[in-house]
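Here is the file target.txt (compact mmCIF, C-alpha atoms).
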# COMPACT_ATOMS: atom_id res chain seq x y z
CA MET A 29 4.79 -5.89 -77.11
CA GLY A 30 5.81 -9.38 -78.32
CA SER A 31 3.26 -11.83 -79.68
CA ASP A 32 3.36 -14.03 -76.57
CA PRO A 33 3.18 -12.07 -73.28
CA PHE A 34 4.70 -14.95 -71.28
CA VAL A 35 7.77 -15.37 -73.53
CA TYR A 36 8.14 -11.59 -73.86
CA SER A 37 8.07 -11.20 -70.06
CA PHE A 38 10.79 -13.85 -69.59
CA PHE A 39 12.87 -12.21 -72.32
CA LEU A 40 12.68 -8.85 -70.52
CA ILE A 41 13.37 -10.32 -67.07
CA PHE A 42 16.50 -12.23 -68.06
CA VAL A 43 17.97 -9.67 -70.46
CA CYS A 44 17.55 -6.87 -67.92
CA SER A 45 18.87 -9.10 -65.10
CA GLY A 46 21.87 -10.05 -67.25
CA VAL A 47 22.78 -6.41 -67.96
CA LEU A 48 22.37 -5.38 -64.31
CA ALA A 49 24.26 -8.47 -63.09
CA THR A 50 27.23 -7.43 -65.27
CA ILE A 51 27.15 -3.98 -63.66
CA ALA A 52 26.81 -5.63 -60.22
CA LEU A 53 29.97 -7.69 -60.81
CA TYR A 54 31.93 -4.55 -61.70
CA THR A 55 30.59 -2.67 -58.65
CA ARG A 56 30.82 -5.66 -56.22
CA GLN A 57 27.07 -5.85 -55.59
CA PRO A 58 25.15 -9.03 -54.66
CA PHE A 59 23.03 -10.41 -57.49
CA ILE A 60 19.88 -10.37 -55.33
CA ILE A 61 19.80 -6.59 -55.63
CA THR A 62 19.93 -6.77 -59.44
CA TYR A 63 16.93 -9.10 -59.56
CA ILE A 64 14.89 -6.85 -57.24
CA VAL A 65 15.88 -3.73 -59.22
CA THR A 66 14.90 -5.54 -62.45
CA GLY A 67 11.44 -6.07 -60.96
CA MET A 68 11.20 -2.41 -59.92
CA LEU A 69 12.22 -1.22 -63.40
CA LEU A 70 10.00 -3.57 -65.41
CA GLY A 71 7.04 -3.75 -63.01
CA PRO A 72 3.95 -1.54 -62.61
CA SER A 73 5.79 1.10 -60.52
CA GLY A 74 8.61 1.39 -63.07
CA PHE A 75 8.31 1.36 -66.86
CA ALA A 76 5.36 -1.07 -66.61
CA PHE A 77 6.68 -3.37 -69.34
CA ILE A 78 5.34 -6.22 -67.21
CA ASP A 79 2.21 -4.92 -65.51
CA ASN A 80 0.08 -8.05 -65.20
CA PRO A 81 -0.30 -8.67 -61.43
CA GLN A 82 -1.58 -12.21 -62.03
CA LEU A 83 1.49 -13.13 -64.09
CA ILE A 84 3.85 -11.62 -61.49
CA SER A 85 2.04 -13.48 -58.70
CA SER A 86 2.19 -16.78 -60.63
CA ILE A 87 5.92 -16.35 -61.29
CA ALA A 88 6.52 -15.75 -57.57
CA LYS A 89 4.34 -18.70 -56.53
CA PHE A 90 6.17 -21.08 -58.87
CA GLY A 91 9.53 -19.81 -57.62
CA ILE A 92 8.58 -20.26 -53.96
CA ILE A 93 7.38 -23.85 -54.56
CA PHE A 94 10.73 -24.91 -56.05
CA LEU A 95 12.82 -22.99 -53.52
CA LEU A 96 11.04 -24.75 -50.64
CA PHE A 97 11.39 -28.15 -52.35
CA LEU A 98 15.15 -27.64 -52.72
CA LEU A 99 15.40 -26.38 -49.15
CA GLY A 100 13.66 -29.55 -47.97
CA LEU A 101 16.20 -31.64 -49.90
CA ASP A 102 19.00 -30.04 -47.84
CA MET A 103 17.36 -30.82 -44.49
CA GLN A 104 19.28 -34.03 -43.80
CA PRO A 105 18.70 -35.27 -40.22
CA SER A 106 22.37 -36.05 -39.51
CA LYS A 107 23.46 -32.56 -40.55
CA LEU A 108 20.65 -31.01 -38.51
CA LEU A 109 21.61 -32.91 -35.34
CA ASN A 110 25.25 -31.82 -35.54
CA THR A 111 24.17 -28.23 -36.12
CA LEU A 112 21.70 -28.21 -33.25
CA LYS A 113 24.37 -29.44 -30.84
CA SER A 114 26.95 -26.81 -31.78
CA SER A 115 25.00 -23.57 -32.20
CA LEU A 116 21.46 -24.00 -30.89
CA THR A 117 21.78 -21.55 -27.98
CA VAL A 118 23.26 -18.78 -30.12
CA GLY A 119 20.82 -19.45 -32.98
CA ILE A 120 17.66 -19.33 -30.85
CA GLY A 121 18.94 -16.61 -28.47
CA SER A 122 19.90 -14.24 -31.31
CA SER A 123 16.61 -14.88 -33.14
CA LEU A 124 14.57 -13.96 -30.04
CA ILE A 125 16.60 -10.79 -29.50
CA PHE A 126 16.15 -9.66 -33.14
CA LEU A 127 12.43 -10.50 -32.98
CA SER A 128 12.11 -8.30 -29.87
CA ILE A 129 13.99 -5.40 -31.48
CA GLY A 130 11.90 -5.59 -34.67
CA PHE A 131 8.69 -5.91 -32.64
CA ALA A 132 9.57 -2.84 -30.54
CA ILE A 133 10.41 -0.66 -33.55
CA ALA A 134 7.27 -1.74 -35.45
CA ALA A 135 5.16 -1.02 -32.34
CA LEU A 136 6.78 2.42 -32.13
CA PHE A 137 5.44 3.18 -35.61
CA ALA A 138 1.91 2.01 -34.63
CA TYR A 139 1.51 -1.12 -36.74
CA THR A 140 -1.20 -3.60 -35.69
CA LEU A 141 -0.32 -6.44 -33.30
CA THR A 142 -0.23 -9.11 -36.04
CA GLU A 143 1.81 -6.84 -38.32
CA THR A 144 4.19 -5.99 -35.47
CA LEU A 145 4.69 -9.68 -34.73
CA ILE A 146 5.35 -10.61 -38.38
CA ILE A 147 7.70 -7.63 -38.87
CA GLY A 148 9.57 -8.75 -35.74
CA ILE A 149 9.74 -12.33 -37.04
CA ALA A 150 11.10 -11.09 -40.40
CA MET A 151 14.01 -9.43 -38.56
CA MET A 152 15.12 -12.75 -36.98
CA PHE A 153 16.91 -14.11 -40.02
CA SER A 154 20.13 -13.39 -41.91
CA SER A 155 20.62 -13.94 -45.63
CA THR A 156 21.80 -17.44 -46.52
CA ILE A 157 22.61 -16.31 -50.05
CA ILE A 158 24.74 -13.30 -49.02
CA GLY A 159 26.27 -15.12 -46.02
CA ILE A 160 27.43 -18.10 -48.11
CA LYS A 161 28.22 -16.28 -51.38
CA LEU A 162 30.59 -13.82 -49.63
CA LEU A 163 32.53 -16.59 -47.86
CA PRO A 164 35.73 -17.77 -49.60
CA THR A 165 35.71 -21.53 -50.26
CA THR A 166 38.60 -22.10 -47.84
CA VAL A 167 36.71 -20.34 -45.03
CA LEU A 168 33.43 -22.04 -45.95
CA HIS A 169 34.79 -25.58 -45.70
CA HIS A 170 37.88 -25.48 -43.50
CA ARG A 171 37.55 -22.73 -40.92
CA ARG A 172 35.57 -22.23 -37.72
CA THR A 173 34.01 -19.06 -39.18
CA GLY A 174 32.46 -21.03 -42.03
CA GLU A 175 31.26 -23.77 -39.71
CA LEU A 176 29.63 -21.25 -37.35
CA ILE A 177 27.94 -19.26 -40.10
CA ILE A 178 26.54 -22.37 -41.78
CA SER A 179 25.29 -23.72 -38.43
CA LEU A 180 23.56 -20.46 -37.50
CA LEU A 181 22.01 -20.09 -40.95
CA LEU A 182 20.74 -23.67 -40.83
CA ILE A 183 19.08 -23.07 -37.45
CA GLN A 184 17.51 -19.89 -38.83
CA ASP A 185 16.30 -21.84 -41.87
CA LEU A 186 14.57 -24.31 -39.57
CA ILE A 187 12.88 -21.52 -37.61
CA ALA A 188 11.85 -19.82 -40.89
CA ILE A 189 10.32 -23.05 -42.20
CA ILE A 190 8.26 -23.40 -39.01
CA VAL A 191 7.11 -19.77 -39.40
CA LEU A 192 6.16 -20.36 -43.05
CA LEU A 193 4.24 -23.52 -42.18
CA VAL A 194 2.34 -21.61 -39.48
CA ILE A 195 1.53 -18.72 -41.83
CA THR A 196 0.52 -20.83 -44.83
CA GLY A 197 -1.28 -23.29 -42.58
CA GLY A 198 -3.56 -20.51 -41.41
CA PHE A 199 -2.77 -20.62 -37.69
CA LEU A 200 -2.59 -16.81 -37.55
CA GLU A 201 -5.99 -16.19 -39.13
CA PHE A 202 -7.86 -16.31 -35.81
CA THR A 203 -11.02 -17.52 -37.58
CA GLY A 204 -11.93 -20.35 -35.27
CA ALA A 205 -10.84 -23.90 -34.66
CA SER A 206 -11.88 -25.42 -38.00
CA LYS A 207 -8.81 -24.30 -39.98
CA VAL A 208 -6.43 -25.33 -37.19
CA ALA A 209 -8.15 -28.72 -36.89
CA LEU A 210 -7.89 -29.21 -40.66
CA VAL A 211 -4.15 -28.52 -40.55
CA LEU A 212 -3.58 -30.73 -37.49
CA ILE A 213 -5.36 -33.65 -39.20
CA ASN A 214 -4.24 -33.22 -42.81
CA LEU A 215 -0.58 -32.27 -42.25
CA PRO A 216 0.35 -35.55 -40.48
CA LEU A 217 -1.63 -37.47 -43.13
CA LEU A 218 0.25 -35.66 -45.91
CA ILE A 219 3.65 -36.31 -44.29
CA GLY A 220 2.83 -39.97 -43.53
CA GLY A 221 1.42 -40.64 -46.99
CA ALA A 222 4.38 -38.94 -48.69
CA TRP A 223 6.90 -40.86 -46.57
CA LEU A 224 5.23 -44.22 -47.38
CA PHE A 225 5.05 -43.41 -51.09
CA VAL A 226 8.72 -42.38 -51.15
CA LYS A 227 9.84 -45.50 -49.25
CA TYR A 228 7.84 -48.10 -51.16
CA VAL A 229 7.43 -46.57 -54.64
CA LEU A 230 9.54 -43.52 -55.46
CA LEU A 231 12.93 -44.67 -54.15
CA LYS A 232 12.52 -48.10 -55.74
CA LEU A 233 11.83 -46.44 -59.11
CA LEU A 234 14.81 -44.11 -58.72
CA GLU A 235 17.11 -47.00 -57.75
CA LYS A 236 15.92 -49.10 -60.69
CA PHE A 237 16.35 -46.35 -63.28
CA ASP A 238 19.17 -44.33 -61.71
CA ALA A 239 21.25 -44.59 -64.91
CA PHE A 240 18.74 -42.33 -66.69
CA HIS A 241 19.49 -38.82 -65.45
CA GLU A 242 16.60 -37.24 -67.34
CA TYR A 243 14.21 -39.64 -65.59
CA ILE A 244 15.48 -38.64 -62.12
CA PHE A 245 15.14 -34.95 -63.05
CA LEU A 246 11.61 -35.52 -64.38
CA ILE A 247 10.46 -37.57 -61.37
CA ALA A 248 11.89 -35.03 -58.89
CA ILE A 249 9.95 -32.16 -60.50
CA ALA A 250 6.79 -34.29 -60.82
CA TRP A 251 7.04 -35.28 -57.13
CA CYS A 252 7.46 -31.65 -56.05
CA LEU A 253 4.53 -30.32 -58.09
CA GLY A 254 2.36 -33.38 -57.43
CA LEU A 255 2.64 -33.13 -53.65
CA ALA A 256 2.17 -29.35 -53.85
CA GLU A 257 -1.16 -29.89 -55.65
CA ILE A 258 -2.25 -32.63 -53.20
CA SER A 259 -1.39 -30.33 -50.30
CA GLU A 260 -3.45 -27.51 -51.80
CA PHE A 261 -6.37 -29.90 -52.37
CA ALA A 262 -6.11 -31.03 -48.71
CA GLY A 263 -6.66 -27.45 -47.54
CA LEU A 264 -3.02 -26.79 -46.67
CA SER A 265 -0.84 -24.92 -49.19
CA MET A 266 1.39 -25.64 -52.14
CA GLU A 267 4.39 -24.35 -50.17
CA ILE A 268 3.84 -26.95 -47.42
CA GLY A 269 3.49 -29.71 -50.00
CA ALA A 270 6.68 -28.71 -51.81
CA PHE A 271 8.70 -28.63 -48.57
CA VAL A 272 7.33 -32.05 -47.47
CA ALA A 273 8.20 -33.40 -50.95
CA GLY A 274 11.80 -32.31 -50.45
CA ILE A 275 12.25 -33.43 -46.86
CA THR A 276 10.77 -36.92 -47.45
CA ILE A 277 13.56 -37.77 -49.90
CA ALA A 278 16.30 -35.87 -48.04
CA THR A 279 17.47 -39.01 -46.18
CA SER A 280 18.05 -40.91 -49.43
CA PRO A 281 21.51 -40.86 -51.06
CA ILE A 282 19.77 -39.85 -54.30
CA SER A 283 18.78 -36.51 -52.68
CA LEU A 284 22.37 -35.21 -53.00
CA TYR A 285 22.31 -35.98 -56.72
CA ILE A 286 18.88 -34.37 -57.17
CA ALA A 287 19.83 -31.26 -55.18
CA ASP A 288 23.07 -30.87 -57.14
CA HIS A 289 21.41 -31.26 -60.54
CA LEU A 290 18.50 -28.99 -59.68
CA LYS A 291 20.80 -26.10 -58.70
CA PRO A 292 20.47 -24.40 -62.11
CA LEU A 293 16.70 -24.66 -61.71
CA ARG A 294 17.01 -23.18 -58.20
CA ASP A 295 19.00 -20.22 -59.58
CA PHE A 296 16.40 -19.77 -62.32
CA PHE A 297 13.60 -19.54 -59.76
CA LEU A 298 15.67 -17.31 -57.46
CA VAL A 299 15.76 -14.78 -60.31
CA LEU A 300 11.98 -15.06 -60.74
CA PHE A 301 11.20 -14.82 -57.03
CA PHE A 302 13.31 -11.72 -56.40
CA PHE A 303 12.06 -10.18 -59.64
CA SER A 304 8.49 -10.61 -58.37
CA ILE A 305 9.44 -8.94 -55.07
CA GLY A 306 10.78 -5.92 -56.97
CA ALA A 307 7.83 -5.86 -59.39
CA GLY A 308 5.42 -5.95 -56.46
CA PHE A 309 7.16 -3.05 -54.72
CA ASN A 310 4.94 0.02 -55.00
CA MET A 311 7.29 3.00 -55.32
CA ASP A 312 4.44 5.32 -54.33
CA MET A 313 4.51 3.75 -50.85
CA LEU A 314 8.21 4.46 -50.40
CA THR A 315 7.56 7.79 -48.69
CA GLU A 316 5.24 6.08 -46.17
CA VAL A 317 7.76 3.41 -45.15
CA ALA A 318 11.04 5.32 -45.65
CA VAL A 319 11.49 6.49 -42.04
CA PRO A 320 10.58 3.18 -40.29
CA ALA A 321 12.63 1.24 -42.89
CA ILE A 322 15.72 3.40 -42.28
CA VAL A 323 15.31 3.09 -38.49
CA MET A 324 14.78 -0.69 -38.74
CA ALA A 325 17.71 -1.20 -41.14
CA ALA A 326 20.04 0.95 -38.99
CA ALA A 327 19.05 -1.01 -35.86
CA MET A 328 19.66 -4.39 -37.53
CA LEU A 329 22.98 -3.36 -39.10
CA ALA A 330 24.23 -1.90 -35.81
CA LEU A 331 22.91 -4.51 -33.37
CA LYS A 332 23.31 -7.84 -35.21
CA PRO A 333 27.14 -7.80 -35.02
CA VAL A 334 26.98 -6.76 -31.34
CA VAL A 335 24.49 -9.52 -30.43
CA PHE A 336 26.37 -12.28 -32.29
CA ARG A 337 29.69 -11.14 -30.84
CA PHE A 338 28.24 -11.15 -27.29
CA LEU A 339 26.56 -14.58 -27.61
CA LEU A 340 29.57 -16.21 -29.29
CA ARG A 341 31.89 -14.75 -26.66
CA ARG A 342 29.73 -16.52 -24.07
CA MET A 343 30.46 -19.75 -25.96
CA SER A 344 34.20 -19.07 -25.57
CA GLU A 345 34.67 -18.08 -29.21
CA ASN A 346 37.32 -15.41 -29.73
CA ARG A 347 36.44 -11.74 -30.10
CA GLU A 348 37.47 -11.37 -33.76
CA LEU A 349 35.47 -14.44 -34.79
CA GLY A 350 32.39 -13.03 -33.02
CA TRP A 351 32.65 -9.69 -34.83
CA GLU A 352 33.27 -11.28 -38.24
CA THR A 353 30.33 -13.67 -37.86
CA GLY A 354 28.13 -10.76 -36.75
CA PHE A 355 29.07 -8.53 -39.69
CA ARG A 356 28.69 -11.36 -42.21
CA LEU A 357 25.19 -12.06 -40.81
CA GLY A 358 24.35 -8.38 -40.31
CA GLN A 359 21.53 -8.15 -42.87
CA ILE A 360 18.01 -9.56 -42.81
CA SER A 361 17.09 -12.44 -45.08
CA GLU A 362 15.51 -13.50 -48.34
CA PHE A 363 13.29 -15.51 -45.96
CA SER A 364 12.08 -12.15 -44.61
CA LEU A 365 10.93 -11.27 -48.14
CA LEU A 366 9.28 -14.67 -48.48
CA ILE A 367 7.45 -14.20 -45.17
CA ALA A 368 6.32 -10.71 -46.24
CA PHE A 369 5.08 -12.03 -49.59
CA ILE A 370 3.13 -14.95 -48.11
CA ALA A 371 1.77 -12.97 -45.14
CA THR A 372 0.43 -10.35 -47.58
CA ALA A 373 -1.11 -13.05 -49.79
CA GLU A 374 -2.77 -14.56 -46.70
CA HIS A 375 -4.11 -11.06 -45.74
CA LEU A 376 -2.26 -11.09 -42.42
CA ILE A 377 -0.40 -7.84 -43.01
CA SER A 378 -1.06 -4.67 -45.01
CA GLN A 379 0.82 -3.59 -48.12
CA GLU A 380 2.53 -0.92 -46.01
CA ALA A 381 3.87 -3.49 -43.50
CA SER A 382 5.02 -5.70 -46.38
CA HIS A 383 6.81 -2.77 -48.02
CA LEU A 384 8.51 -1.94 -44.73
CA ILE A 385 10.01 -5.46 -44.60
CA GLN A 386 11.02 -5.30 -48.28
CA ALA A 387 12.63 -1.85 -47.99
CA THR A 388 14.50 -2.91 -44.83
CA ALA A 389 15.75 -6.05 -46.60
CA ILE A 390 17.01 -4.12 -49.63
CA LEU A 391 18.80 -1.54 -47.44
CA THR A 392 20.47 -4.18 -45.25
CA PHE A 393 21.46 -6.30 -48.29
CA LEU A 394 23.23 -3.31 -49.84
CA ILE A 395 24.96 -1.88 -46.78
CA SER A 396 25.91 -5.24 -45.23
CA SER A 397 27.42 -6.43 -48.54
CA TYR A 398 29.51 -3.26 -48.75
CA ILE A 399 30.76 -3.70 -45.15
CA VAL A 400 31.78 -7.34 -45.75
CA VAL A 401 33.34 -6.71 -49.18
CA PHE A 402 35.51 -3.84 -47.89
CA ARG A 403 36.39 -5.39 -44.51
CA TYR A 404 36.71 -9.20 -44.82
CA PRO A 405 38.04 -11.78 -47.30
CA THR A 406 35.46 -12.51 -50.03
CA PRO A 407 35.53 -13.79 -53.62
CA ILE A 408 34.51 -10.27 -54.80
CA ALA A 409 36.51 -8.13 -52.34
CA ALA A 410 37.27 -4.57 -53.44
CA ASN A 411 40.84 -4.89 -52.15
CA ASP A 412 43.18 -7.36 -53.88
CA LYS A 413 44.61 -8.42 -50.50
CA LEU A 414 41.15 -9.44 -49.28
CA ARG A 415 40.09 -11.27 -52.45
CA ARG A 416 39.84 -15.02 -51.76
CA ASP A 417 38.04 -17.55 -53.89

Would you encode the structure as structure tokens?
Amino acid sequence: MGSDPFVYSFFLIFVCSGVLATIALYTRQPFIITYIVTGMLLGPSGFAFIDNPQLISSIAKFGIIFLLFLLGLDMQPSKLLNTLKSSLTVGIGSSLIFLSIGFAIAALFAYTLTETLIIGIAMMFSSTIIGIKLLPTTVLHHRRTGELIISLLLIQDLIAIIVLLVITGGFLEFTGASKVALVLINLPLLIGGAWLFVKYVLLKLLEKFDAFHEYIFLIAIAWCLGLAEISEFAGLSMEIGAFVAGITIATSPISLYIADHLKPLRDFFLVLFFFSIGAGFNMDMLTEVAVPAIVMAAAMLALKPVVFRFLLRRMSENRELGWETGFRLGQISEFSLLIAFIATAEHLISQEASHLIQATAILTFLISSYIVVFRYPTPIAANDKLRRD
């Protein structure tokens, strides 16, 4: 092993990811799969080149903090209002239907009530990364399909954030009123304090020194990590702090600049987060979750297009648009993996329930990507006639 375990681990993660990503491009696979497979290969259940659970957990934690900060930066109120008006009924209606289906299947396999609920919740969402990455630019920006998909994904993102805040805030622990009271008191204080600091200190500094790009980059990262630490100290969680840090500067024009320039950092932490999911996947548990995962994945892949088509038809959208939207959103989400990871860390669900969500996500990512790539226009379509950039 290399002299520095941390550097050696990063070397292995990115070299292996790079090799697998090259193969993925040739075989038209989404990159998410390559990162998860990298984790499986290098982690304790694979070749065990990286077998330090603490290091894997820290990598995942750091990745989650930055992903939630960047997500908060995108939550601009004007965009949210337009989205809510256009697709709220379909977004909420479909989420409730998928929750019910996931809940019923998990109950069928005798998971506990809390596990059944969280498994059901994990089925509500579709992958933002796959949904957006497989849309051609012309469809993404200029067509009703792109507008619908972005609207529905944004509504799902909002629901997912609420779920994450509830889980990390401890509302599902059922350990009495003290934790809930702490959250109800400290969360508004954190949001209020952050908003005041941004308005009267942070934005004034950014406006004064906006010519220095390195300074904006530095301050953005310091603000994210600083509020994450304050949130943790206040008895909330780092994830809540990071999201609040992002959303409090989302209304400022500088947020677009920050979000744009932090995209490489976002991609860096996406690799780390999905690697940690793969590394944490215990291959020995695959036999225990294989049957429920196949049933759950088959149900989601079959029913998501049908549900979206039905709900969109009720909104007077045409039949073809309904089917295309449904197939493009036919998988479950990276948010599902995030919920599984955090719910396990908070001891709300067992390793088996977490592995069920992870296995279902991997199956739906793979099969849904294949369906879209072979059936609809995408930048990586298998057919030359369907390839659109």

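You will find atom CA of Gly274 of chain A at 10.6 Å from atom CA of Trp223 of chain A.
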
Using only C-alpha atoms, I'd like a table of the residues in segment 268-330 of chain A that come within 12 Å of segment 188-194 of chain A; for each, show the closest atom pair and its distance in Å rounded to one decimal, ordered by chain and ascending number, as a tab-separated table.
residue	atom	partner	partner_atom	distance
A:Ile268	CA	A:Leu193	CA	6.3
A:Gly269	CA	A:Leu193	CA	10.0
A:Ala270	CA	A:Leu193	CA	11.2
A:Phe271	CA	A:Ile189	CA	8.6
A:Val272	CA	A:Leu193	CA	10.5
A:Ile275	CA	A:Ile189	CA	11.5

May I have the residues from that selection written out with C-alpha atoms, as an mmCIF file, in the frame of the given file?
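Heads up, here's the output in out.cif:
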data_model
loop_
_atom_site.group_PDB
_atom_site.id
_atom_site.type_symbol
_atom_site.label_atom_id
_atom_site.label_comp_id
_atom_site.auth_asym_id
_atom_site.auth_seq_id
_atom_site.Cartn_x
_atom_site.Cartn_y
_atom_site.Cartn_z
ATOM 1 C CA ILE A 268 3.840 -26.950 -47.420
ATOM 2 C CA GLY A 269 3.490 -29.710 -50.000
ATOM 3 C CA ALA A 270 6.680 -28.710 -51.810
ATOM 4 C CA PHE A 271 8.700 -28.630 -48.570
ATOM 5 C CA VAL A 272 7.330 -32.050 -47.470
ATOM 6 C CA ILE A 275 12.250 -33.430 -46.860
#

(request) Calculate how many Å separate atom CA of Leu314 of chain A from atom CA of Ile51 of chain A, rounding to one decimal. (result) 24.6 Å

(request) Fewer than 2 positions away in the same chain doesn't count, so skip those; otherwise give me all residues within 12 Å of Phe97 of chain A, counting only C-alpha atoms, as a PyMOL selection string. (result) chain A and resi 90-95+99-103+189+248-256+266-278+283+286-287+290-291+293-294+297

(request) Kindly extract all protein, DNA and RNA residues lying within 10 Å of the coordinates (10.9, -10.0, -46.0) given in the file, considering all atoms listed in the file, and supply them as a PyMOL selection string. (result) chain A and resi 146-147+149-151+153+305+360-371+381-390

Take the residues from that selection and put them in a file with C-alpha atoms, as a PDB file, keeping the file's coordinate frame.
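To be explicit, this is the file written out as out.pdb:
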ATOM      1  CA  ILE A 146       5.350 -10.610 -38.380  1.00  0.00           C
ATOM      2  CA  ILE A 147       7.700  -7.630 -38.870  1.00  0.00           C
ATOM      3  CA  ILE A 149       9.740 -12.330 -37.040  1.00  0.00           C
ATOM      4  CA  ALA A 150      11.100 -11.090 -40.400  1.00  0.00           C
ATOM      5  CA  MET A 151      14.010  -9.430 -38.560  1.00  0.00           C
ATOM      6  CA  PHE A 153      16.910 -14.110 -40.020  1.00  0.00           C
ATOM      7  CA  ILE A 305       9.440  -8.940 -55.070  1.00  0.00           C
ATOM      8  CA  ILE A 360      18.010  -9.560 -42.810  1.00  0.00           C
ATOM      9  CA  SER A 361      17.090 -12.440 -45.080  1.00  0.00           C
ATOM     10  CA  GLU A 362      15.510 -13.500 -48.340  1.00  0.00           C
ATOM     11  CA  PHE A 363      13.290 -15.510 -45.960  1.00  0.00           C
ATOM     12  CA  SER A 364      12.080 -12.150 -44.610  1.00  0.00           C
ATOM     13  CA  LEU A 365      10.930 -11.270 -48.140  1.00  0.00           C
ATOM     14  CA  LEU A 366       9.280 -14.670 -48.480  1.00  0.00           C
ATOM     15  CA  ILE A 367       7.450 -14.200 -45.170  1.00  0.00           C
ATOM     16  CA  ALA A 368       6.320 -10.710 -46.240  1.00  0.00           C
ATOM     17  CA  PHE A 369       5.080 -12.030 -49.590  1.00  0.00           C
ATOM     18  CA  ILE A 370       3.130 -14.950 -48.110  1.00  0.00           C
ATOM     19  CA  ALA A 371       1.770 -12.970 -45.140  1.00  0.00           C
ATOM     20  CA  ALA A 381       3.870  -3.490 -43.500  1.00  0.00           C
ATOM     21  CA  SER A 382       5.020  -5.700 -46.380  1.00  0.00           C
ATOM     22  CA  HIS A 383       6.810  -2.770 -48.020  1.00  0.00           C
ATOM     23  CA  LEU A 384       8.510  -1.940 -44.730  1.00  0.00           C
ATOM     24  CA  ILE A 385      10.010  -5.460 -44.600  1.00  0.00           C
ATOM     25  CA  GLN A 386      11.020  -5.300 -48.280  1.00  0.00           C
ATOM     26  CA  ALA A 387      12.630  -1.850 -47.990  1.00  0.00           C
ATOM     27  CA  THR A 388      14.500  -2.910 -44.830  1.00  0.00           C
ATOM     28  CA  ALA A 389      15.750  -6.050 -46.600  1.00  0.00           C
ATOM     29  CA  ILE A 390      17.010  -4.120 -49.630  1.00  0.00           C
TER      30      ILE A 390
END

(request) Work out how far atom CA of Thr392 of chain A is from atom CA of Ala326 of chain A, in Å to one decimal. (result) 8.1 Å

Step by step: locate segment 319-360 of chain A in the block above, keep C-alpha atoms, then write the file as a PDB file, in the first residue's frame.
ATOM      1  CA  VAL A 319     -35.756 -11.320  -4.628  1.00  0.00           C
ATOM      2  CA  PRO A 320     -37.351  -8.192  -3.043  1.00  0.00           C
ATOM      3  CA  ALA A 321     -34.962  -5.955  -5.049  1.00  0.00           C
ATOM      4  CA  ILE A 322     -35.933  -7.623  -8.348  1.00  0.00           C
ATOM      5  CA  VAL A 323     -39.650  -7.390  -7.482  1.00  0.00           C
ATOM      6  CA  MET A 324     -39.298  -3.732  -6.423  1.00  0.00           C
ATOM      7  CA  ALA A 325     -37.220  -2.776  -9.481  1.00  0.00           C
ATOM      8  CA  ALA A 326     -39.641  -4.548 -11.862  1.00  0.00           C
ATOM      9  CA  ALA A 327     -42.614  -2.770 -10.249  1.00  0.00           C
ATOM     10  CA  MET A 328     -40.974   0.668 -10.525  1.00  0.00           C
ATOM     11  CA  LEU A 329     -39.786   0.157 -14.117  1.00  0.00           C
ATOM     12  CA  ALA A 330     -43.210  -1.111 -15.206  1.00  0.00           C
ATOM     13  CA  LEU A 331     -45.460   1.267 -13.252  1.00  0.00           C
ATOM     14  CA  LYS A 332     -43.633   4.625 -13.335  1.00  0.00           C
ATOM     15  CA  PRO A 333     -44.231   5.160 -17.085  1.00  0.00           C
ATOM     16  CA  VAL A 334     -47.889   4.102 -16.685  1.00  0.00           C
ATOM     17  CA  VAL A 335     -48.485   6.451 -13.722  1.00  0.00           C
ATOM     18  CA  PHE A 336     -46.796   9.464 -15.361  1.00  0.00           C
ATOM     19  CA  ARG A 337     -48.618   8.838 -18.629  1.00  0.00           C
ATOM     20  CA  PHE A 338     -51.989   8.615 -16.816  1.00  0.00           C
ATOM     21  CA  LEU A 339     -51.440  11.752 -14.691  1.00  0.00           C
ATOM     22  CA  LEU A 340     -50.069  13.823 -17.576  1.00  0.00           C
ATOM     23  CA  ARG A 341     -52.958  12.732 -19.792  1.00  0.00           C
ATOM     24  CA  ARG A 342     -55.279  14.140 -17.126  1.00  0.00           C
ATOM     25  CA  MET A 343     -53.432  17.454 -17.555  1.00  0.00           C
ATOM     26  CA  SER A 344     -54.237  17.345 -21.294  1.00  0.00           C
ATOM     27  CA  GLU A 345     -50.678  16.447 -22.300  1.00  0.00           C
ATOM     28  CA  ASN A 346     -50.489  14.211 -25.367  1.00  0.00           C
ATOM     29  CA  ARG A 347     -50.075  10.454 -25.098  1.00  0.00           C
ATOM     30  CA  GLU A 348     -46.550  10.255 -26.556  1.00  0.00           C
ATOM     31  CA  LEU A 349     -45.268  12.987 -24.243  1.00  0.00           C
ATOM     32  CA  GLY A 350     -46.710  11.127 -21.237  1.00  0.00           C
ATOM     33  CA  TRP A 351     -44.990   7.864 -22.189  1.00  0.00           C
ATOM     34  CA  GLU A 352     -41.643   9.538 -22.936  1.00  0.00           C
ATOM     35  CA  THR A 353     -41.669  11.458 -19.645  1.00  0.00           C
ATOM     36  CA  GLY A 354     -42.574   8.242 -17.796  1.00  0.00           C
ATOM     37  CA  PHE A 355     -39.786   6.193 -19.377  1.00  0.00           C
ATOM     38  CA  ARG A 356     -37.202   8.938 -18.857  1.00  0.00           C
ATOM     39  CA  LEU A 357     -38.211   9.099 -15.159  1.00  0.00           C
ATOM     40  CA  GLY A 358     -38.663   5.330 -14.832  1.00  0.00           C
ATOM     41  CA  GLN A 359     -35.822   4.683 -12.377  1.00  0.00           C
ATOM     42  CA  ILE A 360     -35.474   5.540  -8.698  1.00  0.00           C
TER      43      ILE A 360
END
